[in-house]
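Before any comments, here is the structure.
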Amino acid sequence: MYRALTRGIQVTVTPEFRPERSEPDEGQFFWTYHVEVLNLTGERVQLRARYWRITDENGRTQEVRGAGVVGEQPVIEPGAAFEYMSGCPLTTPTGIMVGHYLMISERNESFQAEIPAFSLDSPFANRTVN
């Protein structure tokens, strides 16, 4: 579990490698990740957009931008949370994801809520001990 707190918005991410959706011999690896966006502020906020930077173990990076998450732009009341699950395919057995959400407060202030960097690790990753 990975967690970040920005301006009272707590983002928690739990990734999971999915062997049943992966084909390691063909260079296909798949993870799901569960996200909880918890509003610890005293005002309603809306998650309007997302930005992800996904880096595989070879350093190849892709950026993903879009409106909302999983087809929604949820309004999150004070003390409430919005949760969703999504997925990420890679062609390498490990990678890293990091990003942010564009949030709008009920006072129409926009800010970025950080998504913590989290690792995508599979049992097929080469491990080294320092």
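Going by the structure tokens order, chains are called A, B, ..., each with residues numbered from 1, while ligands are numbered from 1 in the order shown.
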
Apply DSSP to the structure's backbone, then extract all residues of range 32-115 of chain A labelled strand (DSSP E) and return them as a VMD selection string. chain A and resid 32 to 39 45 to 56 61 to 67 75 to 76 81 to 90 94 to 105 110 to 115

So that each row is one residue of range 71-124 of chain A with an atom at most 12 Å from range 22-28 of chain A, can you give its shortest atom pair and the distance in Å to one decimal, using only C-alpha atoms, rows by chain and rising number, as CSV?
```
residue,atom,partner,partner_atom,distance
A:Gly87,CA,A:Ser22,CA,11.9
A:Cys88,CA,A:Gln28,CA,10.6
A:Pro89,CA,A:Gln28,CA,7.0
A:Leu90,CA,A:Gln28,CA,6.1
A:Thr91,CA,A:Gly27,CA,4.9
A:Thr92,CA,A:Gly27,CA,6.2
A:Pro93,CA,A:Pro24,CA,7.7
A:Thr94,CA,A:Gln28,CA,10.9
A:Ser122,CA,A:Pro24,CA,9.7
A:Pro123,CA,A:Pro24,CA,10.0
A:Phe124,CA,A:Pro24,CA,7.6
```

So which residues touch Pro15 in chain A within 7 Å, counting only C-alpha atoms, skipping near sequence neighbours fewer than 5 positions away, as a list in words?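 Answer for this query is Trp31, Thr32, Tyr33, His34 and Leu120 of chain A.
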
With only C-alpha atoms as the basis for distance, which of A:Arg3, A:Arg21, A:Arg65, A:Arg44 is at the shortest distance from Ile104 in chain A?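 Comparing A:Arg3, A:Arg21, A:Arg65, A:Arg44 against Ile104 in chain A, the winner is A:Arg44.
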
Name the residues in contact with range 100-102 of chain A at a cut-off of 8 Å, using only C-alpha atoms, excluding same-chain residues fewer than 5 positions from it; report them as a list in words. Leu47, Arg48, Ala49, Arg50, Tyr51, Trp52, Ser110, Phe111, Gln112, Ala113, Glu114 and Ile115 of chain A

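Across the model, the gap from CA of Gln10 in chain A to CA of Leu38 in chain A is 5.0 Å.
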
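Across A:Leu40, A:Met1, A:Gly79, A:Gln46, the tightest approach to Met103 in chain A is made by A:Gln46 when counting only C-alpha atoms.
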
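The smallest atom-to-atom distance between Gly68 in chain A and any of A:Glu43, A:Phe82, A:Ile54, A:Gly8, using only C-alpha atoms, is found for A:Phe82.
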
For each of A:Ser105, A:Ser86, A:Thr55, A:Gln73, take the minimum atom-to-atom distance to Arg7 in chain A, counting only C-alpha atoms, then give the residue where this is smallest.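 Selected residue with least distance to Arg7 in chain A: A:Ser105.
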